[in-house]
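Heads up, coords24.csv below (CSV, N, CA and C atoms):
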```csv
chain,number,residue,atom,x,y,z
A,244,MET,N,14.1,-51.6,104.3
A,244,MET,CA,14.0,-50.2,103.8
A,244,MET,C,15.1,-49.4,104.4
A,245,GLN,N,15.5,-49.7,105.7
A,245,GLN,CA,16.6,-48.9,106.3
A,245,GLN,C,17.9,-49.2,105.6
A,246,LYS,N,18.1,-50.4,105.1
A,246,LYS,CA,19.4,-50.7,104.4
A,246,LYS,C,19.4,-49.9,103.1
A,247,SER,N,18.3,-49.7,102.4
A,247,SER,CA,18.2,-48.9,101.2
A,247,SER,C,18.5,-47.5,101.5
A,248,ILE,N,18.0,-46.9,102.5
A,248,ILE,CA,18.3,-45.5,102.9
A,248,ILE,C,19.8,-45.4,103.1
A,249,SER,N,20.4,-46.3,103.9
A,249,SER,CA,21.8,-46.3,104.2
A,249,SER,C,22.6,-46.3,102.9
A,250,ALA,N,22.2,-47.2,102.0
A,250,ALA,CA,22.9,-47.4,100.7
A,250,ALA,C,22.9,-46.1,99.9
A,251,LEU,N,21.7,-45.5,99.8
A,251,LEU,CA,21.5,-44.2,99.1
A,251,LEU,C,22.3,-43.1,99.7
A,252,LEU,N,22.4,-43.0,101.0
A,252,LEU,CA,23.2,-42.0,101.7
A,252,LEU,C,24.7,-42.3,101.5
A,253,VAL,N,25.1,-43.5,101.4
A,253,VAL,CA,26.5,-43.8,101.1
A,253,VAL,C,26.8,-43.2,99.7
A,254,ILE,N,26.0,-43.4,98.7
A,254,ILE,CA,26.2,-42.9,97.4
A,254,ILE,C,26.3,-41.3,97.4
A,255,VAL,N,25.4,-40.7,98.1
A,255,VAL,CA,25.5,-39.2,98.3
A,255,VAL,C,26.8,-38.8,99.0
A,256,ALA,N,27.2,-39.6,100.0
A,256,ALA,CA,28.4,-39.3,100.7
A,256,ALA,C,29.6,-39.4,99.8
A,257,ILE,N,29.7,-40.4,99.0
A,257,ILE,CA,30.8,-40.6,98.1
A,257,ILE,C,30.9,-39.4,97.1
A,258,ILE,N,29.8,-39.0,96.6
A,258,ILE,CA,29.7,-37.9,95.6
A,258,ILE,C,30.3,-36.6,96.3
A,259,HIS,N,30.0,-36.5,97.6
A,259,HIS,CA,30.5,-35.3,98.3
A,259,HIS,C,31.9,-35.4,98.8
A,260,LEU,N,32.4,-36.7,98.9
A,260,LEU,CA,33.8,-36.9,99.3
A,260,LEU,C,34.8,-36.8,98.1
A,261,ILE,N,34.4,-37.0,96.9
A,261,ILE,CA,35.3,-36.9,95.8
A,261,ILE,C,36.1,-35.6,95.7
A,262,PRO,N,35.4,-34.4,95.9
A,262,PRO,CA,36.2,-33.2,95.9
A,262,PRO,C,37.2,-33.0,96.9
A,263,LEU,N,37.2,-33.9,98.0
A,263,LEU,CA,38.2,-33.8,99.0
A,263,LEU,C,39.6,-33.9,98.5
A,264,THR,N,39.8,-34.6,97.4
A,264,THR,CA,41.2,-34.7,96.8
A,264,THR,C,41.7,-33.3,96.4
A,265,GLY,N,40.9,-32.3,96.3
A,265,GLY,CA,41.3,-30.9,95.9
A,265,GLY,C,42.1,-30.3,97.0
A,266,VAL,N,42.0,-30.8,98.2
A,266,VAL,CA,42.8,-30.2,99.3
A,266,VAL,C,44.3,-30.4,99.1
A,267,LEU,N,44.7,-31.3,98.2
A,267,LEU,CA,46.1,-31.6,98.0
A,267,LEU,C,46.8,-30.5,97.1
A,268,GLY,N,46.0,-29.6,96.5
A,268,GLY,CA,46.6,-28.5,95.8
A,268,GLY,C,46.0,-28.2,94.4
A,269,ALA,N,46.6,-27.3,93.8
A,269,ALA,CA,46.1,-26.7,92.5
A,269,ALA,C,46.0,-27.7,91.4
A,270,GLU,N,46.9,-28.7,91.3
A,270,GLU,CA,46.9,-29.7,90.3
A,270,GLU,C,45.6,-30.5,90.4
A,271,GLN,N,45.3,-31.0,91.6
A,271,GLN,CA,44.2,-31.8,91.8
A,271,GLN,C,42.9,-31.0,91.5
A,272,LEU,N,42.9,-29.8,91.9
A,272,LEU,CA,41.7,-28.9,91.7
A,272,LEU,C,41.5,-28.7,90.2
A,273,SER,N,42.6,-28.4,89.5
A,273,SER,CA,42.5,-28.3,88.0
A,273,SER,C,41.9,-29.5,87.4
A,274,SER,N,42.4,-30.7,87.9
A,274,SER,CA,42.0,-31.9,87.3
A,274,SER,C,40.5,-32.2,87.6
A,275,LEU,N,40.0,-31.8,88.8
A,275,LEU,CA,38.6,-32.0,89.1
A,275,LEU,C,37.7,-31.1,88.3
A,276,TYR,N,38.1,-29.9,88.1
A,276,TYR,CA,37.1,-28.9,87.6
A,276,TYR,C,37.6,-28.3,86.2
A,277,ASP,N,38.7,-28.7,85.7
A,277,ASP,CA,39.2,-28.2,84.5
A,277,ASP,C,39.2,-26.7,84.4
A,278,ILE,N,39.8,-26.1,85.5
A,278,ILE,CA,39.9,-24.6,85.6
A,278,ILE,C,41.3,-24.2,85.8
A,279,ASN,N,41.7,-23.0,85.4
A,279,ASN,CA,43.0,-22.4,85.6
A,279,ASN,C,43.0,-21.8,87.0
A,280,LEU,N,43.9,-22.2,87.8
A,280,LEU,CA,44.0,-21.7,89.2
A,280,LEU,C,45.4,-21.0,89.3
A,281,ALA,N,45.5,-19.8,88.7
A,281,ALA,CA,46.7,-19.0,88.7
A,281,ALA,C,46.8,-18.2,90.0
A,282,ASP,N,45.7,-17.8,90.6
A,282,ASP,CA,45.7,-16.9,91.7
A,282,ASP,C,45.8,-17.8,93.0
A,283,PRO,N,46.8,-17.6,93.8
A,283,PRO,CA,47.0,-18.3,95.0
A,283,PRO,C,45.9,-18.2,96.0
A,284,ASN,N,45.2,-17.0,96.0
A,284,ASN,CA,44.1,-16.8,96.9
A,284,ASN,C,42.9,-17.7,96.5
A,285,LEU,N,42.7,-17.9,95.2
A,285,LEU,CA,41.6,-18.8,94.7
A,285,LEU,C,41.9,-20.2,95.1
A,286,ILE,N,43.2,-20.6,95.0
A,286,ILE,CA,43.6,-21.9,95.4
A,286,ILE,C,43.3,-22.2,96.9
A,287,ILE,N,43.6,-21.2,97.7
A,287,ILE,CA,43.3,-21.3,99.2
A,287,ILE,C,41.8,-21.5,99.3
A,288,LEU,N,41.0,-20.7,98.7
A,288,LEU,CA,39.5,-20.9,98.8
A,288,LEU,C,39.0,-22.2,98.3
A,289,MET,N,39.5,-22.7,97.2
A,289,MET,CA,39.1,-23.9,96.6
A,289,MET,C,39.5,-25.1,97.5
A,290,ARG,N,40.7,-25.0,98.1
A,290,ARG,CA,41.2,-26.1,99.0
A,290,ARG,C,40.3,-26.1,100.2
A,291,HIS,N,39.9,-25.0,100.7
A,291,HIS,CA,39.0,-24.9,101.9
A,291,HIS,C,37.7,-25.5,101.5
A,292,ARG,N,37.2,-25.2,100.3
A,292,ARG,CA,36.0,-25.8,99.8
A,292,ARG,C,36.0,-27.3,99.8
A,293,ALA,N,37.2,-27.8,99.4
A,293,ALA,CA,37.4,-29.3,99.4
A,293,ALA,C,37.3,-29.8,100.8
A,294,ILE,N,37.8,-29.2,101.8
A,294,ILE,CA,37.7,-29.6,103.2
A,294,ILE,C,36.3,-29.6,103.6
A,295,LEU,N,35.5,-28.6,103.3
A,295,LEU,CA,34.1,-28.5,103.7
A,295,LEU,C,33.3,-29.6,103.1
A,296,PHE,N,33.6,-29.9,101.8
A,296,PHE,CA,32.9,-31.0,101.2
A,296,PHE,C,33.3,-32.3,101.8
A,297,GLY,N,34.5,-32.5,102.3
A,297,GLY,CA,34.9,-33.7,103.0
A,297,GLY,C,34.2,-33.8,104.3
A,298,LEU,N,34.0,-32.7,105.0
A,298,LEU,CA,33.3,-32.8,106.3
A,298,LEU,C,31.8,-33.1,106.0
A,299,LEU,N,31.2,-32.5,105.0
A,299,LEU,CA,29.8,-32.9,104.7
A,299,LEU,C,29.7,-34.3,104.3
A,300,GLY,N,30.6,-34.8,103.4
A,300,GLY,CA,30.6,-36.2,103.0
A,300,GLY,C,30.8,-37.1,104.1
A,301,ALA,N,31.7,-36.8,105.0
A,301,ALA,CA,31.9,-37.7,106.2
A,301,ALA,C,30.7,-37.7,107.1
A,302,PHE,N,30.0,-36.6,107.3
A,302,PHE,CA,28.8,-36.6,108.1
A,302,PHE,C,27.7,-37.4,107.5
A,303,ILE,N,27.5,-37.2,106.2
A,303,ILE,CA,26.5,-38.0,105.5
A,303,ILE,C,26.8,-39.5,105.6
A,304,LEU,N,28.1,-39.9,105.4
A,304,LEU,CA,28.5,-41.3,105.5
A,304,LEU,C,28.2,-41.8,106.9
A,305,TYR,N,28.6,-41.1,107.9
A,305,TYR,CA,28.3,-41.5,109.3
A,305,TYR,C,26.8,-41.6,109.5
A,306,ALA,N,26.1,-40.6,109.1
A,306,ALA,CA,24.6,-40.6,109.3
A,306,ALA,C,23.9,-41.8,108.5
A,307,ALA,N,24.5,-42.3,107.5
A,307,ALA,CA,24.0,-43.4,106.8
A,307,ALA,C,23.7,-44.6,107.7
A,308,PHE,N,24.4,-44.7,108.8
A,308,PHE,CA,24.3,-45.8,109.7
A,308,PHE,C,23.8,-45.4,111.1
A,309,ILE,N,23.3,-44.2,111.2
A,309,ILE,CA,22.7,-43.7,112.5
A,309,ILE,C,21.4,-43.1,112.1
A,310,LYS,N,20.3,-43.9,112.3
A,310,LYS,CA,19.0,-43.5,111.8
A,310,LYS,C,18.6,-42.1,112.3
A,311,GLN,N,18.9,-41.8,113.5
A,311,GLN,CA,18.5,-40.5,114.1
A,311,GLN,C,19.1,-39.3,113.4
A,312,LEU,N,20.3,-39.5,112.8
A,312,LEU,CA,20.9,-38.4,112.1
A,312,LEU,C,20.5,-38.3,110.6
A,313,GLN,N,19.8,-39.3,110.1
A,313,GLN,CA,19.5,-39.3,108.7
A,313,GLN,C,18.7,-38.1,108.2
A,314,PRO,N,17.7,-37.7,108.9
A,314,PRO,CA,16.9,-36.5,108.4
A,314,PRO,C,17.8,-35.3,108.3
A,315,LEU,N,18.8,-35.1,109.2
A,315,LEU,CA,19.7,-33.9,109.1
A,315,LEU,C,20.6,-34.1,107.9
A,316,ALA,N,21.1,-35.3,107.7
A,316,ALA,CA,22.0,-35.6,106.6
A,316,ALA,C,21.3,-35.4,105.3
A,317,ILE,N,20.1,-35.9,105.2
A,317,ILE,CA,19.3,-35.7,104.0
A,317,ILE,C,19.1,-34.2,103.7
A,318,THR,N,18.8,-33.4,104.7
A,318,THR,CA,18.6,-32.0,104.6
A,318,THR,C,19.8,-31.3,104.1
A,319,ALA,N,21.0,-31.7,104.7
A,319,ALA,CA,22.2,-31.1,104.3
A,319,ALA,C,22.6,-31.4,102.9
A,320,GLY,N,22.3,-32.7,102.5
A,320,GLY,CA,22.5,-33.1,101.1
A,320,GLY,C,21.7,-32.3,100.1
A,321,TYR,N,20.4,-32.1,100.5
A,321,TYR,CA,19.5,-31.3,99.6
A,321,TYR,C,20.1,-29.9,99.5
A,322,ILE,N,20.5,-29.3,100.6
A,322,ILE,CA,21.0,-27.9,100.5
A,322,ILE,C,22.2,-27.8,99.6
A,323,SER,N,23.1,-28.8,99.7
A,323,SER,CA,24.3,-28.8,98.9
A,323,SER,C,24.0,-29.0,97.4
A,324,VAL,N,23.2,-30.0,97.1
A,324,VAL,CA,23.0,-30.3,95.6
A,324,VAL,C,22.1,-29.3,95.0
A,325,ILE,N,21.0,-28.9,95.7
A,325,ILE,CA,20.1,-27.9,95.1
A,325,ILE,C,20.8,-26.5,94.9
A,326,SER,N,21.6,-26.1,95.9
A,326,SER,CA,22.2,-24.8,95.7
A,326,SER,C,23.2,-24.9,94.5
A,327,PHE,N,24.0,-25.9,94.4
A,327,PHE,CA,24.9,-26.0,93.3
A,327,PHE,C,24.1,-26.1,91.9
A,328,LEU,N,23.1,-26.9,91.9
A,328,LEU,CA,22.4,-27.0,90.6
A,328,LEU,C,21.7,-25.7,90.3
A,329,SER,N,21.2,-25.0,91.3
A,329,SER,CA,20.6,-23.6,91.0
A,329,SER,C,21.6,-22.6,90.5
A,330,ILE,N,22.8,-22.6,91.1
A,330,ILE,CA,23.8,-21.7,90.6
A,330,ILE,C,24.2,-22.1,89.2
A,331,THR,N,24.3,-23.3,88.8
A,331,THR,CA,24.7,-23.7,87.5
A,331,THR,C,23.6,-23.4,86.5
A,332,LEU,N,22.4,-23.4,86.9
A,332,LEU,CA,21.3,-23.0,86.0
A,332,LEU,C,21.4,-21.6,85.6
A,333,LEU,N,21.9,-20.8,86.5
A,333,LEU,CA,22.0,-19.3,86.3
A,333,LEU,C,23.2,-19.0,85.4
A,334,ASN,N,24.1,-20.0,85.1
A,334,ASN,CA,25.2,-19.7,84.3
A,334,ASN,C,25.1,-20.6,83.0
A,335,GLU,N,25.1,-20.0,81.9
A,335,GLU,CA,24.9,-20.7,80.6
A,335,GLU,C,26.2,-21.4,80.2
A,336,SER,N,27.3,-20.9,80.6
A,336,SER,CA,28.6,-21.4,80.1
A,336,SER,C,29.3,-22.2,81.2
A,337,VAL,N,29.3,-23.6,81.1
A,337,VAL,CA,30.1,-24.4,82.0
A,337,VAL,C,30.9,-25.4,81.2
A,338,ASN,N,32.0,-25.7,81.7
A,338,ASN,CA,32.9,-26.7,81.0
A,338,ASN,C,32.4,-28.1,81.2
A,339,GLU,N,33.1,-29.0,80.5
A,339,GLU,CA,32.8,-30.4,80.6
A,339,GLU,C,32.9,-31.0,82.0
A,340,ALA,N,34.0,-30.6,82.7
A,340,ALA,CA,34.2,-31.1,84.1
A,340,ALA,C,33.0,-30.6,85.0
A,341,ILE,N,32.6,-29.4,84.8
A,341,ILE,CA,31.4,-28.9,85.6
A,341,ILE,C,30.2,-29.7,85.2
A,342,ASN,N,30.1,-30.0,84.0
A,342,ASN,CA,28.9,-30.8,83.5
A,342,ASN,C,28.9,-32.2,84.2
A,343,ARG,N,30.1,-32.7,84.5
A,343,ARG,CA,30.2,-34.0,85.2
A,343,ARG,C,29.7,-33.8,86.6
A,344,VAL,N,30.1,-32.7,87.2
A,344,VAL,CA,29.7,-32.4,88.6
A,344,VAL,C,28.1,-32.2,88.6
A,345,ILE,N,27.6,-31.6,87.6
A,345,ILE,CA,26.1,-31.4,87.5
A,345,ILE,C,25.5,-32.8,87.5
A,346,ILE,N,26.0,-33.7,86.7
A,346,ILE,CA,25.4,-35.1,86.6
A,346,ILE,C,25.5,-35.8,87.9
A,347,ALA,N,26.7,-35.7,88.6
A,347,ALA,CA,26.8,-36.3,89.9
A,347,ALA,C,25.8,-35.7,90.9
A,348,ASP,N,25.6,-34.4,90.9
A,348,ASP,CA,24.7,-33.8,91.8
A,348,ASP,C,23.2,-34.2,91.5
A,349,ILE,N,22.9,-34.4,90.2
A,349,ILE,CA,21.6,-34.9,89.9
A,349,ILE,C,21.4,-36.3,90.4
A,350,ILE,N,22.4,-37.2,90.3
A,350,ILE,CA,22.4,-38.5,90.8
A,350,ILE,C,22.2,-38.4,92.3
A,351,ALA,N,22.9,-37.5,93.0
A,351,ALA,CA,22.8,-37.4,94.5
A,351,ALA,C,21.4,-36.9,94.8
A,352,LEU,N,20.8,-36.0,94.0
A,352,LEU,CA,19.5,-35.5,94.3
A,352,LEU,C,18.4,-36.6,94.1
A,353,VAL,N,18.6,-37.5,93.1
A,353,VAL,CA,17.7,-38.6,93.0
A,353,VAL,C,17.8,-39.5,94.2
A,354,CYS,N,19.0,-39.8,94.6
A,354,CYS,CA,19.2,-40.7,95.8
A,354,CYS,C,18.5,-40.0,97.0
A,355,LEU,N,18.7,-38.7,97.2
A,355,LEU,CA,18.1,-38.1,98.3
A,355,LEU,C,16.5,-38.1,98.3
A,356,VAL,N,16.0,-37.9,97.1
A,356,VAL,CA,14.5,-38.0,96.9
A,356,VAL,C,14.0,-39.4,97.3
A,357,ILE,N,14.7,-40.4,96.8
A,357,ILE,CA,14.3,-41.8,97.1
A,357,ILE,C,14.4,-42.1,98.6
A,358,ALA,N,15.6,-41.7,99.1
A,358,ALA,CA,15.8,-41.9,100.6
A,358,ALA,C,14.7,-41.2,101.4
A,359,THR,N,14.3,-40.0,101.0
A,359,THR,CA,13.2,-39.3,101.6
A,359,THR,C,11.9,-40.1,101.6
A,360,GLY,N,11.6,-40.6,100.4
A,360,GLY,CA,10.4,-41.4,100.2
A,360,GLY,C,10.4,-42.6,101.1
A,361,PHE,N,11.6,-43.3,101.2
A,361,PHE,CA,11.7,-44.5,102.1
A,361,PHE,C,11.6,-44.1,103.5
A,362,SER,N,12.1,-42.9,103.9
A,362,SER,CA,12.0,-42.4,105.3
A,362,SER,C,10.6,-42.2,105.7
A,363,ILE,N,9.9,-41.6,104.8
A,363,ILE,CA,8.4,-41.3,105.0
A,363,ILE,C,7.6,-42.6,105.2
A,364,LYS,N,7.9,-43.5,104.3
A,364,LYS,CA,7.2,-44.8,104.4
A,364,LYS,C,7.5,-45.6,105.7
A,365,GLN,N,8.7,-45.3,106.3
A,365,GLN,CA,9.1,-46.0,107.5
A,365,GLN,C,8.3,-45.5,108.7
A,366,LYS,N,7.8,-44.3,108.6
A,366,LYS,CA,7.1,-43.7,109.8
A,366,LYS,C,5.7,-44.1,109.9
```
Represent the structure of the file as structure tokens.
Amino acid sequence: MQKSISALLVIVAIIHLIPLTGVLGAEQLSSLYDINLADPNLIILMRHRAILFGLLGAFILYAAFIKQLQPLAITAGYISVISFLSITLLNESVNEAINRVIIADIIALVCLVIATGFSIKQK
């Protein structure tokens, strides 16, 4: 069961690490989200966001193999995906790239729910 939890957290980590490529600049961010980044200030904010996702993804990946950190990683994952999915539900107009992010976050949410179930069974 512990290996299953680790595998599920690795999937969640990978989903959170993908946006890290956005730190490289506007071109990568535009590719990820299909958005026009003409404002240099927005580029700064989005690149910083990419770094934060990288940190979260790295933590979840590390915690996948450290049982004591898994509850915190699962909680952080829930906060990340539920907050994004909630925000997108409030916006009726999203592009195809954001729809892909929604699908990825739904996959992450399912992994987190299953990992939570396995964690509860282990206790």
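The space between atom C of Gly265 of chain A and atom N of Arg343 of chain A spans 17.5 Å.
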I'd like the interatomic distance between atom C of Val253 of chain A and atom N of Thr318 of chain A, to a tenth of an Å.
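Value for the atom C of Val253 of chain A-atom N of Thr318 of chain A distance: 13.6 Å.
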What residues in chain A get the DSSP label alpha helix (DSSP H)? Please answer as a ChimeraX atom specification.
/A:245-260,269-276,283-306,313-332,339-365
Provide the atom CA of Asp348 of chain A to atom CA of Ile286 of chain A distance in Å, to one decimal place.
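Between atom CA of Asp348 of chain A and atom CA of Ile286 of chain A the gap is 22.6 Å.
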Residues near Ala301 of chain A, anyone? I mean within 6.5 Å using all atoms listed in the file, not counting same-chain ones fewer than 6 positions away, as a ChimeraX atom specification.
/A:256,259-260
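Near segment 359-366 of chain A, within 7 Å and counting only N, CA and C atoms, sit Met244, Ile248, Cys354, Leu355, Val356 and Ile357 of chain A, not including residues fewer than 2 positions from it in the same chain.
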Residues from the last selection, N, CA and C atoms, saved as a PDB file, keeping the file's coordinate frame:
```
ATOM      1  N   MET A 244      14.100 -51.600 104.300  1.00  0.00           N
ATOM      2  CA  MET A 244      14.000 -50.200 103.800  1.00  0.00           C
ATOM      3  C   MET A 244      15.100 -49.400 104.400  1.00  0.00           C
ATOM      4  N   ILE A 248      18.000 -46.900 102.500  1.00  0.00           N
ATOM      5  CA  ILE A 248      18.300 -45.500 102.900  1.00  0.00           C
ATOM      6  C   ILE A 248      19.800 -45.400 103.100  1.00  0.00           C
ATOM      7  N   CYS A 354      19.000 -39.800  94.600  1.00  0.00           N
ATOM      8  CA  CYS A 354      19.200 -40.700  95.800  1.00  0.00           C
ATOM      9  C   CYS A 354      18.500 -40.000  97.000  1.00  0.00           C
ATOM     10  N   LEU A 355      18.700 -38.700  97.200  1.00  0.00           N
ATOM     11  CA  LEU A 355      18.100 -38.100  98.300  1.00  0.00           C
ATOM     12  C   LEU A 355      16.500 -38.100  98.300  1.00  0.00           C
ATOM     13  N   VAL A 356      16.000 -37.900  97.100  1.00  0.00           N
ATOM     14  CA  VAL A 356      14.500 -38.000  96.900  1.00  0.00           C
ATOM     15  C   VAL A 356      14.000 -39.400  97.300  1.00  0.00           C
ATOM     16  N   ILE A 357      14.700 -40.400  96.800  1.00  0.00           N
ATOM     17  CA  ILE A 357      14.300 -41.800  97.100  1.00  0.00           C
ATOM     18  C   ILE A 357      14.400 -42.100  98.600  1.00  0.00           C
TER      19      ILE A 357
END
```
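The smallest atom-to-atom distance between Asn342 of chain A and any of A:Ile261, A:Ser329, A:Tyr276, A:Leu251, using all atoms listed in the file, is found for A:Tyr276.
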Skipping near chain neighbours, those fewer than 3 positions away, what residues fall within 12 Å of segment 296-298 of chain A using only C-alpha atoms, listed as a PyMOL selection string?
chain A and resi 255-266+289-293+301-305+316+319-320+323-324
Let's have the selection written as a PDB file, keeping the file's coordinate frame, with N, CA and C atoms.
```pdb
ATOM      1  N   VAL A 255      25.400 -40.700  98.100  1.00  0.00           N
ATOM      2  CA  VAL A 255      25.500 -39.200  98.300  1.00  0.00           C
ATOM      3  C   VAL A 255      26.800 -38.800  99.000  1.00  0.00           C
ATOM      4  N   ALA A 256      27.200 -39.600 100.000  1.00  0.00           N
ATOM      5  CA  ALA A 256      28.400 -39.300 100.700  1.00  0.00           C
ATOM      6  C   ALA A 256      29.600 -39.400  99.800  1.00  0.00           C
ATOM      7  N   ILE A 257      29.700 -40.400  99.000  1.00  0.00           N
ATOM      8  CA  ILE A 257      30.800 -40.600  98.100  1.00  0.00           C
ATOM      9  C   ILE A 257      30.900 -39.400  97.100  1.00  0.00           C
ATOM     10  N   ILE A 258      29.800 -39.000  96.600  1.00  0.00           N
ATOM     11  CA  ILE A 258      29.700 -37.900  95.600  1.00  0.00           C
ATOM     12  C   ILE A 258      30.300 -36.600  96.300  1.00  0.00           C
ATOM     13  N   HIS A 259      30.000 -36.500  97.600  1.00  0.00           N
ATOM     14  CA  HIS A 259      30.500 -35.300  98.300  1.00  0.00           C
ATOM     15  C   HIS A 259      31.900 -35.400  98.800  1.00  0.00           C
ATOM     16  N   LEU A 260      32.400 -36.700  98.900  1.00  0.00           N
ATOM     17  CA  LEU A 260      33.800 -36.900  99.300  1.00  0.00           C
ATOM     18  C   LEU A 260      34.800 -36.800  98.100  1.00  0.00           C
ATOM     19  N   ILE A 261      34.400 -37.000  96.900  1.00  0.00           N
ATOM     20  CA  ILE A 261      35.300 -36.900  95.800  1.00  0.00           C
ATOM     21  C   ILE A 261      36.100 -35.600  95.700  1.00  0.00           C
ATOM     22  N   PRO A 262      35.400 -34.400  95.900  1.00  0.00           N
ATOM     23  CA  PRO A 262      36.200 -33.200  95.900  1.00  0.00           C
ATOM     24  C   PRO A 262      37.200 -33.000  96.900  1.00  0.00           C
ATOM     25  N   LEU A 263      37.200 -33.900  98.000  1.00  0.00           N
ATOM     26  CA  LEU A 263      38.200 -33.800  99.000  1.00  0.00           C
ATOM     27  C   LEU A 263      39.600 -33.900  98.500  1.00  0.00           C
ATOM     28  N   THR A 264      39.800 -34.600  97.400  1.00  0.00           N
ATOM     29  CA  THR A 264      41.200 -34.700  96.800  1.00  0.00           C
ATOM     30  C   THR A 264      41.700 -33.300  96.400  1.00  0.00           C
ATOM     31  N   GLY A 265      40.900 -32.300  96.300  1.00  0.00           N
ATOM     32  CA  GLY A 265      41.300 -30.900  95.900  1.00  0.00           C
ATOM     33  C   GLY A 265      42.100 -30.300  97.000  1.00  0.00           C
ATOM     34  N   VAL A 266      42.000 -30.800  98.200  1.00  0.00           N
ATOM     35  CA  VAL A 266      42.800 -30.200  99.300  1.00  0.00           C
ATOM     36  C   VAL A 266      44.300 -30.400  99.100  1.00  0.00           C
ATOM     37  N   MET A 289      39.500 -22.700  97.200  1.00  0.00           N
ATOM     38  CA  MET A 289      39.100 -23.900  96.600  1.00  0.00           C
ATOM     39  C   MET A 289      39.500 -25.100  97.500  1.00  0.00           C
ATOM     40  N   ARG A 290      40.700 -25.000  98.100  1.00  0.00           N
ATOM     41  CA  ARG A 290      41.200 -26.100  99.000  1.00  0.00           C
ATOM     42  C   ARG A 290      40.300 -26.100 100.200  1.00  0.00           C
ATOM     43  N   HIS A 291      39.900 -25.000 100.700  1.00  0.00           N
ATOM     44  CA  HIS A 291      39.000 -24.900 101.900  1.00  0.00           C
ATOM     45  C   HIS A 291      37.700 -25.500 101.500  1.00  0.00           C
ATOM     46  N   ARG A 292      37.200 -25.200 100.300  1.00  0.00           N
ATOM     47  CA  ARG A 292      36.000 -25.800  99.800  1.00  0.00           C
ATOM     48  C   ARG A 292      36.000 -27.300  99.800  1.00  0.00           C
ATOM     49  N   ALA A 293      37.200 -27.800  99.400  1.00  0.00           N
ATOM     50  CA  ALA A 293      37.400 -29.300  99.400  1.00  0.00           C
ATOM     51  C   ALA A 293      37.300 -29.800 100.800  1.00  0.00           C
ATOM     52  N   ALA A 301      31.700 -36.800 105.000  1.00  0.00           N
ATOM     53  CA  ALA A 301      31.900 -37.700 106.200  1.00  0.00           C
ATOM     54  C   ALA A 301      30.700 -37.700 107.100  1.00  0.00           C
ATOM     55  N   PHE A 302      30.000 -36.600 107.300  1.00  0.00           N
ATOM     56  CA  PHE A 302      28.800 -36.600 108.100  1.00  0.00           C
ATOM     57  C   PHE A 302      27.700 -37.400 107.500  1.00  0.00           C
ATOM     58  N   ILE A 303      27.500 -37.200 106.200  1.00  0.00           N
ATOM     59  CA  ILE A 303      26.500 -38.000 105.500  1.00  0.00           C
ATOM     60  C   ILE A 303      26.800 -39.500 105.600  1.00  0.00           C
ATOM     61  N   LEU A 304      28.100 -39.900 105.400  1.00  0.00           N
ATOM     62  CA  LEU A 304      28.500 -41.300 105.500  1.00  0.00           C
ATOM     63  C   LEU A 304      28.200 -41.800 106.900  1.00  0.00           C
ATOM     64  N   TYR A 305      28.600 -41.100 107.900  1.00  0.00           N
ATOM     65  CA  TYR A 305      28.300 -41.500 109.300  1.00  0.00           C
ATOM     66  C   TYR A 305      26.800 -41.600 109.500  1.00  0.00           C
ATOM     67  N   ALA A 316      21.100 -35.300 107.700  1.00  0.00           N
ATOM     68  CA  ALA A 316      22.000 -35.600 106.600  1.00  0.00           C
ATOM     69  C   ALA A 316      21.300 -35.400 105.300  1.00  0.00           C
ATOM     70  N   ALA A 319      21.000 -31.700 104.700  1.00  0.00           N
ATOM     71  CA  ALA A 319      22.200 -31.100 104.300  1.00  0.00           C
ATOM     72  C   ALA A 319      22.600 -31.400 102.900  1.00  0.00           C
ATOM     73  N   GLY A 320      22.300 -32.700 102.500  1.00  0.00           N
ATOM     74  CA  GLY A 320      22.500 -33.100 101.100  1.00  0.00           C
ATOM     75  C   GLY A 320      21.700 -32.300 100.100  1.00  0.00           C
ATOM     76  N   SER A 323      23.100 -28.800  99.700  1.00  0.00           N
ATOM     77  CA  SER A 323      24.300 -28.800  98.900  1.00  0.00           C
ATOM     78  C   SER A 323      24.000 -29.000  97.400  1.00  0.00           C
ATOM     79  N   VAL A 324      23.200 -30.000  97.100  1.00  0.00           N
ATOM     80  CA  VAL A 324      23.000 -30.300  95.600  1.00  0.00           C
ATOM     81  C   VAL A 324      22.100 -29.300  95.000  1.00  0.00           C
TER      82      VAL A 324
END
```
Could you check the closest approach to Leu315 of chain A for each of A:Leu328, A:Leu352, A:Leu252, A:Ile341 and tell me which residue wins, using only C-alpha atoms?
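Looking only at the distances to Leu315 of chain A, the closest residue turns out to be A:Leu252.
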Closest to Glu339 of chain A among A:Gly268, A:Leu299, A:Ser247, A:Asp277, using all atoms listed in the file?
A:Asp277
